[in-house]
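Below is the file data28.cif, which contains mmCIF, C-alpha atoms and all ligand atoms.
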data_protein
loop_
_atom_site.group_PDB
_atom_site.id
_atom_site.type_symbol
_atom_site.label_atom_id
_atom_site.label_comp_id
_atom_site.auth_asym_id
_atom_site.auth_seq_id
_atom_site.Cartn_x
_atom_site.Cartn_y
_atom_site.Cartn_z
ATOM 1 C CA MET L 67 95.603 51.083 -81.620
ATOM 2 C CA LYS L 68 95.337 48.841 -84.686
ATOM 3 C CA ARG L 69 91.894 47.901 -85.951
ATOM 4 C CA ASP L 70 92.275 44.189 -85.142
ATOM 5 C CA LYS L 71 93.251 44.957 -81.586
ATOM 6 C CA ILE L 72 90.276 47.314 -81.218
ATOM 7 C CA GLU L 73 87.968 44.632 -82.580
ATOM 8 C CA TYR L 74 89.415 42.042 -80.203
ATOM 9 C CA LYS L 75 88.903 44.335 -77.233
ATOM 10 C CA LEU L 76 85.390 45.363 -78.265
ATOM 11 C CA LYS L 77 84.390 41.740 -78.616
ATOM 12 C CA LYS L 78 85.157 41.295 -74.935
ATOM 13 C CA GLU L 79 83.512 44.553 -73.863
ATOM 14 C CA LEU L 80 80.254 44.239 -75.787
ATOM 15 C CA ASP L 81 77.544 41.622 -75.881
ATOM 16 C CA ARG L 82 77.226 39.667 -79.089
ATOM 17 C CA GLN L 83 74.360 41.661 -80.548
ATOM 18 C CA ARG L 84 76.061 44.989 -79.822
ATOM 19 C CA PHE L 85 79.301 43.701 -81.308
ATOM 20 C CA GLU L 86 77.556 42.680 -84.545
ATOM 21 C CA HIS L 87 75.822 46.085 -84.628
ATOM 22 C CA THR L 88 79.189 47.778 -84.215
ATOM 23 C CA LEU L 89 80.678 45.967 -87.216
ATOM 24 C CA GLY L 90 77.567 46.890 -89.216
ATOM 25 C CA VAL L 91 77.983 50.576 -88.356
ATOM 26 C CA GLU L 92 81.683 50.428 -89.225
ATOM 27 C CA GLN L 93 80.898 49.002 -92.653
ATOM 28 C CA THR L 94 77.970 51.333 -93.364
ATOM 29 C CA ALA L 95 79.931 54.392 -92.229
ATOM 30 C CA ARG L 96 82.761 53.433 -94.574
ATOM 31 C CA GLU L 97 80.334 53.082 -97.504
ATOM 32 C CA MET L 98 78.718 56.430 -96.770
ATOM 33 C CA ALA L 99 82.130 58.107 -96.432
ATOM 34 C CA ARG L 100 83.045 56.811 -99.876
ATOM 35 C CA VAL L 101 79.794 58.154 -101.350
ATOM 36 C CA PHE L 102 80.111 61.598 -99.781
ATOM 37 C CA GLY L 103 83.877 62.086 -100.108
ATOM 38 C CA GLU L 104 84.545 61.856 -96.378
ATOM 39 C CA ASN L 105 87.663 60.203 -94.912
ATOM 40 C CA GLU L 106 86.855 56.468 -94.948
ATOM 41 C CA GLU L 107 89.314 55.516 -92.216
ATOM 42 C CA LYS L 108 87.932 58.123 -89.816
ATOM 43 C CA ALA L 109 84.373 57.032 -90.562
ATOM 44 C CA ALA L 110 85.218 53.364 -90.053
ATOM 45 C CA LEU L 111 87.043 54.070 -86.779
ATOM 46 C CA ALA L 112 84.200 56.204 -85.410
ATOM 47 C CA GLY L 113 81.686 53.541 -86.459
ATOM 48 C CA LEU L 114 83.696 50.798 -84.803
ATOM 49 C CA LEU L 115 84.013 52.710 -81.527
ATOM 50 C CA HIS L 116 80.707 54.612 -81.350
ATOM 51 C CA ASP L 117 79.143 52.184 -78.832
ATOM 52 C CA CYS L 118 82.348 51.177 -77.018
ATOM 53 C CA ALA L 119 80.826 52.176 -73.651
ATOM 54 C CA LYS L 120 77.329 50.842 -74.346
ATOM 55 C CA CYS L 121 77.566 47.678 -72.255
ATOM 56 C CA MET L 122 79.015 49.310 -69.131
ATOM 57 C CA PRO L 123 76.901 49.753 -66.017
ATOM 58 C CA LEU L 124 75.654 53.347 -65.692
ATOM 59 C CA SER L 125 77.931 53.986 -62.687
ATOM 60 C CA GLN L 126 80.967 53.028 -64.751
ATOM 61 C CA MET L 127 79.849 55.296 -67.607
ATOM 62 C CA VAL L 128 79.572 58.211 -65.183
ATOM 63 C CA LYS L 129 83.024 57.415 -63.791
ATOM 64 C CA ALA L 130 84.544 57.171 -67.264
ATOM 65 C CA ALA L 131 83.069 60.575 -68.122
ATOM 66 C CA LYS L 132 84.129 62.355 -64.943
ATOM 67 C CA HIS L 133 86.121 64.952 -66.873
ATOM 68 C CA ALA L 134 83.329 65.570 -69.370
ATOM 69 C CA ASP L 135 80.588 68.159 -69.189
ATOM 70 C CA VAL L 136 77.705 66.089 -67.823
ATOM 71 C CA ASP L 137 74.472 67.404 -66.343
ATOM 72 C CA PRO L 138 72.429 65.558 -63.662
ATOM 73 C CA VAL L 139 69.747 64.440 -66.149
ATOM 74 C CA MET L 140 72.361 62.733 -68.287
ATOM 75 C CA LYS L 141 73.795 60.870 -65.317
ATOM 76 C CA GLU L 142 70.467 59.078 -64.963
ATOM 77 C CA SER L 143 70.325 57.889 -68.550
ATOM 78 C CA LYS L 144 72.342 55.063 -70.070
ATOM 79 C CA ALA L 145 71.097 56.142 -73.498
ATOM 80 C CA LEU L 146 72.653 59.597 -73.091
ATOM 81 C CA MET L 147 75.676 58.632 -71.012
ATOM 82 C CA HIS L 148 77.035 55.917 -73.284
ATOM 83 C CA ALA L 149 77.848 58.484 -75.973
ATOM 84 C CA VAL L 150 79.640 60.838 -73.576
ATOM 85 C CA ALA L 151 81.447 57.961 -71.845
ATOM 86 C CA GLY L 152 82.189 56.432 -75.246
ATOM 87 C CA ARG L 153 84.114 59.527 -76.272
ATOM 88 C CA CYS L 154 86.164 59.394 -73.060
ATOM 89 C CA VAL L 155 86.832 55.646 -73.351
ATOM 90 C CA ALA L 156 87.848 56.087 -77.000
ATOM 91 C CA VAL L 157 90.558 58.452 -75.758
ATOM 92 C CA SER L 158 91.708 56.659 -72.613
ATOM 93 C CA VAL L 159 91.383 53.024 -73.647
ATOM 94 C CA TYR L 160 91.647 53.049 -77.450
ATOM 95 C CA GLY L 161 94.055 55.964 -77.779
ATOM 96 C CA VAL L 162 91.962 57.995 -80.235
ATOM 97 C CA GLN L 163 93.034 61.623 -80.490
ATOM 98 C CA ASP L 164 91.290 62.772 -83.648
ATOM 99 C CA GLU L 165 88.683 65.349 -82.619
ATOM 100 C CA GLU L 166 86.492 64.645 -85.637
ATOM 101 C CA VAL L 167 86.276 60.963 -84.746
ATOM 102 C CA LEU L 168 85.655 61.802 -81.087
ATOM 103 C CA GLY L 169 82.913 64.282 -82.007
ATOM 104 C CA ALA L 170 81.179 61.650 -84.108
ATOM 105 C CA ILE L 171 81.166 59.272 -81.120
ATOM 106 C CA ARG L 172 80.001 61.984 -78.729
ATOM 107 C CA TRP L 173 77.039 63.090 -80.837
ATOM 108 C CA HIS L 174 75.870 59.802 -82.338
ATOM 109 C CA THR L 175 72.822 59.440 -80.080
ATOM 110 C CA THR L 176 71.319 62.917 -79.922
ATOM 111 C CA GLY L 177 72.875 64.818 -82.776
ATOM 112 C CA HIS L 178 73.267 68.560 -82.214
ATOM 113 C CA ALA L 179 73.174 71.838 -84.130
ATOM 114 C CA ASN L 180 75.775 72.334 -86.885
ATOM 115 C CA MET L 181 76.841 68.708 -87.190
ATOM 116 C CA THR L 182 79.923 67.887 -89.236
ATOM 117 C CA ARG L 183 79.677 65.579 -92.215
ATOM 118 C CA LEU L 184 81.394 62.793 -90.281
ATOM 119 C CA GLU L 185 78.983 63.222 -87.358
ATOM 120 C CA LYS L 186 76.024 62.937 -89.725
ATOM 121 C CA ILE L 187 77.469 59.786 -91.280
ATOM 122 C CA ILE L 188 77.856 58.064 -87.912
ATOM 123 C CA TYR L 189 74.441 59.230 -86.685
ATOM 124 C CA LEU L 190 72.835 57.738 -89.780
ATOM 125 C CA ALA L 191 74.994 54.605 -90.084
ATOM 126 C CA ASP L 192 73.912 53.788 -86.528
ATOM 127 C CA VAL L 193 70.237 53.667 -87.497
ATOM 128 C CA ILE L 194 70.496 51.971 -90.899
ATOM 129 C CA GLU L 195 73.278 49.373 -90.502
ATOM 130 C CA PRO L 196 72.369 45.933 -91.939
ATOM 131 C CA ASN L 197 71.662 44.265 -88.569
ATOM 132 C CA ARG L 198 69.029 46.825 -87.519
ATOM 133 C CA LYS L 199 65.628 45.330 -86.826
ATOM 134 C CA PRO L 200 63.220 46.537 -89.522
ATOM 135 C CA TYR L 201 61.161 49.630 -88.671
ATOM 136 C CA PRO L 202 58.753 51.648 -90.846
ATOM 137 C CA GLY L 203 60.656 53.804 -93.285
ATOM 138 C CA LEU L 204 63.973 51.975 -92.862
ATOM 139 C CA GLU L 205 64.404 50.947 -96.502
ATOM 140 C CA ALA L 206 63.583 54.423 -97.786
ATOM 141 C CA LEU L 207 65.985 55.939 -95.267
ATOM 142 C CA ARG L 208 68.729 53.506 -96.310
ATOM 143 C CA ALA L 209 68.345 54.593 -99.922
ATOM 144 C CA GLN L 210 68.338 58.275 -98.996
ATOM 145 C CA CYS L 211 71.477 57.801 -96.873
ATOM 146 C CA MET L 212 73.448 56.861 -99.978
ATOM 147 C CA GLN L 213 72.215 59.850 -102.002
ATOM 148 C CA ASP L 214 71.416 62.859 -99.898
ATOM 149 C CA LEU L 215 73.144 63.238 -96.536
ATOM 150 C CA ASP L 216 71.161 66.235 -95.289
ATOM 151 C CA GLY L 217 67.895 64.911 -96.650
ATOM 152 C CA ALA L 218 68.536 61.680 -94.757
ATOM 153 C CA MET L 219 69.408 63.580 -91.572
ATOM 154 C CA HIS L 220 66.164 65.504 -91.834
ATOM 155 C CA THR L 221 64.209 62.265 -92.350
ATOM 156 C CA ALA L 222 65.924 60.461 -89.470
ATOM 157 C CA LEU L 223 65.475 63.362 -87.044
ATOM 158 C CA ARG L 224 61.818 63.720 -88.051
ATOM 159 C CA MET L 225 61.297 60.001 -87.418
ATOM 160 C CA SER L 226 62.876 60.391 -84.035
ATOM 161 C CA LEU L 227 60.528 63.299 -83.206
ATOM 162 C CA GLU L 228 57.461 61.305 -84.280
ATOM 163 C CA HIS L 229 58.697 58.345 -82.246
ATOM 164 C CA VAL L 230 59.093 60.261 -78.987
ATOM 165 C CA LYS L 231 55.762 62.040 -79.565
ATOM 166 C CA GLU L 232 54.014 58.665 -79.853
ATOM 167 C CA GLN L 233 55.560 57.653 -76.561
ATOM 168 C CA GLY L 234 54.469 60.898 -74.936
ATOM 169 C CA ARG L 235 58.050 61.958 -74.353
ATOM 170 C CA THR L 236 59.863 65.082 -75.510
ATOM 171 C CA LEU L 237 62.831 65.316 -77.818
ATOM 172 C CA HIS L 238 66.245 65.882 -76.237
ATOM 173 C CA PRO L 239 67.190 69.582 -76.666
ATOM 174 C CA ASP L 240 70.291 68.677 -78.703
ATOM 175 C CA THR L 241 68.165 66.591 -81.081
ATOM 176 C CA LEU L 242 65.658 69.411 -81.371
ATOM 177 C CA ALA L 243 68.529 71.762 -82.214
ATOM 178 C CA ALA L 244 69.695 69.300 -84.880
ATOM 179 C CA LEU L 245 66.197 69.111 -86.378
ATOM 180 C CA ALA L 246 65.765 72.879 -86.234
ATOM 181 C CA MET L 247 68.646 73.166 -88.737
ATOM 182 C CA TYR L 248 66.191 71.716 -91.276
ATOM 183 C CA GLU L 249 63.003 73.210 -89.825
ATOM 184 C CA PRO L 250 63.892 76.676 -88.478
ATOM 185 C CA GLU L 251 60.272 77.275 -87.448
ATOM 186 C CA LEU L 252 60.708 74.495 -84.844
ATOM 187 C CA ALA L 253 63.261 76.525 -82.935
ATOM 188 C CA GLN L 254 60.878 79.478 -82.903
ATOM 189 C CA ASP L 255 57.964 77.303 -81.728
ATOM 190 C CA GLU L 256 60.134 75.958 -78.961
ATOM 191 C CA ALA L 257 61.138 79.451 -77.858
ATOM 192 C CA ALA L 258 57.477 80.505 -77.889
ATOM 193 C CA ASN L 259 56.430 77.451 -75.871
ATOM 194 C CA SER L 260 59.021 77.992 -73.195
ATOM 195 C CA ARG L 261 58.078 81.651 -72.731
ATOM 196 C CA THR L 262 56.002 82.340 -69.646
ATOM 197 C CA PRO L 263 52.850 84.509 -69.977
ATOM 198 C CA GLU L 264 54.424 87.365 -67.970
ATOM 199 C CA GLU L 265 57.203 87.866 -70.512
HETATM 200 FE FE FE I 301 74.858 54.239 -79.288
HETATM 201 FE FE FE I 302 74.867 52.160 -82.031
#
What would you get if you wrote out this structure as structure tokens?
Amino acid sequence: MKRDKIEYKLKKELDRQRFEHTLGVEQTAREMARVFGENEEKAALAGLLHDCAKCMPLSQMVKAAKHADVDPVMKESKALMHAVAGRCVAVSVYGVQDEEVLGAIRWHTTGHANMTRLEKIIYLADVIEPNRKPYPGLEALRAQCMQDLDGAMHTALRMSLEHVKEQGRTLHPDTLAALAMYEPELAQDEAANSRTPEE
């Protein structure tokens, strides 16, 4: 599907704020791809489509993702489901077949271990695009995103850990696995914490 047609369709599917965000991620992902020698068209396409399922009701997300590997916890969460459903909708509605682009859509919310360069770009573009409401550390992260991709991933994942800690929640296991790439001791702590005394 041509870009203009995708944009036209997304404009109908998304609310105004989400649509603006989407264009911001598309543009930021393209800039980052240029900086880091990644394919700009793939980055732009993944940025444009990353939230294509975001404005669906949860039940529709679950339906869209019926062929995907989805656990019961995910089915309760719009935040987690929109990325999985987004990958499926990108295939079925927007005709995307490129696995790299689809992976970037799938993992944009949680991250995971061993992320590709394109996946990192979309993960980061999502949190720094120009329409993002300011949050502490945003400007520094924006600068880092144009210089040091892994450094920026480490910063962003750390911020996400601090954020969930403040809220008394725990980090999603996939996000923890992504962070543990930069802080191997975290993975060991986690293993130690989950061990029962009898073991
Ligand atoms: Fe998203
Ligand atoms: Fe997003």
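With distances taken over all atoms listed in the file, L:Val193 is the one residue among L:Val193, L:Ala156, L:Ala206, L:Met98 lying closest to ligand FE 302 (chain I).
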Near L:Lys75, within 10 Å and counting all atoms listed in the file, which residues show up once chain neighbours fewer than 5 positions away are dropped, as an mmCIF file with C-alpha atoms, keeping the file's coordinate frame?
data_model
loop_
_atom_site.group_PDB
_atom_site.id
_atom_site.type_symbol
_atom_site.label_atom_id
_atom_site.label_comp_id
_atom_site.auth_asym_id
_atom_site.auth_seq_id
_atom_site.Cartn_x
_atom_site.Cartn_y
_atom_site.Cartn_z
ATOM 1 C CA ARG L 69 91.894 47.901 -85.951
ATOM 2 C CA ASP L 70 92.275 44.189 -85.142
ATOM 3 C CA LEU L 80 80.254 44.239 -75.787
ATOM 4 C CA CYS L 118 82.348 51.177 -77.018
ATOM 5 C CA VAL L 159 91.383 53.024 -73.647
ATOM 6 C CA TYR L 160 91.647 53.049 -77.450
#
(request) Convert the output of the PyMOL selection byres (((not hetatm)) within 7 of (chain I and resi 302)) on the shown file into explicit residues, formatted as a list of chain:residue names. (result)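 So the PyMOL selection byres (((not hetatm)) within 7 of (chain I and resi 302)), applied here, picks out L:His87, L:Thr88, L:His116, L:Asp117, L:Asp192.
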Atoms to include: C-alpha atoms. Write the selected residues as an mmCIF file, keeping the file's coordinate frame.
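Result saved to result-v3.cif:
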data_model
loop_
_atom_site.group_PDB
_atom_site.id
_atom_site.type_symbol
_atom_site.label_atom_id
_atom_site.label_comp_id
_atom_site.auth_asym_id
_atom_site.auth_seq_id
_atom_site.Cartn_x
_atom_site.Cartn_y
_atom_site.Cartn_z
ATOM 1 C CA HIS L 87 75.822 46.085 -84.628
ATOM 2 C CA THR L 88 79.189 47.778 -84.215
ATOM 3 C CA HIS L 116 80.707 54.612 -81.350
ATOM 4 C CA ASP L 117 79.143 52.184 -78.832
ATOM 5 C CA ASP L 192 73.912 53.788 -86.528
#
(request) Apply the PyMOL selection byres (((chain L and resi 107) around 12) and not hetatm) to the file shown and report the selected residues as a PyMOL selection string. (result) chain L and resi 68-69+92-93+95-100+103-106+108-114+164+166-167+184
(message) Show me which residues line ligand FE 301 (chain I), defined as having an atom within 9 Å of a ligand atom where all atoms listed in the file count, and present them as a list in words.
(response)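 The residues within 9 Å of ligand FE 301 (chain I), counting all atoms listed in the file, are His116, Asp117, Cys118, Ala119, Lys120, Ala145, Leu146, His148, Ala149, Gly152, Ile171, His174, Thr175, Tyr189 and Asp192 of chain L.
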(message) Counting all atoms listed in the file, which residue out of L:Asn197, L:Gln210, L:Thr221, L:Gln126 sits closest to L:Val155?
(response)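 Closest residue, counting all atoms listed in the file: L:Gln126.
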(request) Considering all atoms listed in the file, state which residue in the set L:Leu207, L:Ala253, L:Leu115, L:Met212 is at the smallest distance from L:Leu168. (result) L:Leu115
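Proximity to L:Lys144 at 10 Å, evaluated using only C-alpha atoms and with sequence-adjacent residues fewer than 2 positions away removed, yields Ala119, Lys120, Cys121, Met122, Pro123, Leu124, Ser125, Met127, Val128, Met140, Lys141, Glu142, Leu146, Met147, His148, Ala149, Val150 and Ala151 of chain L.
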(message) Between atom CA of L:Met67 and atom CA of L:Val162, what is the distance in Å, rounded to a tenth?
(response) 7.9 Å
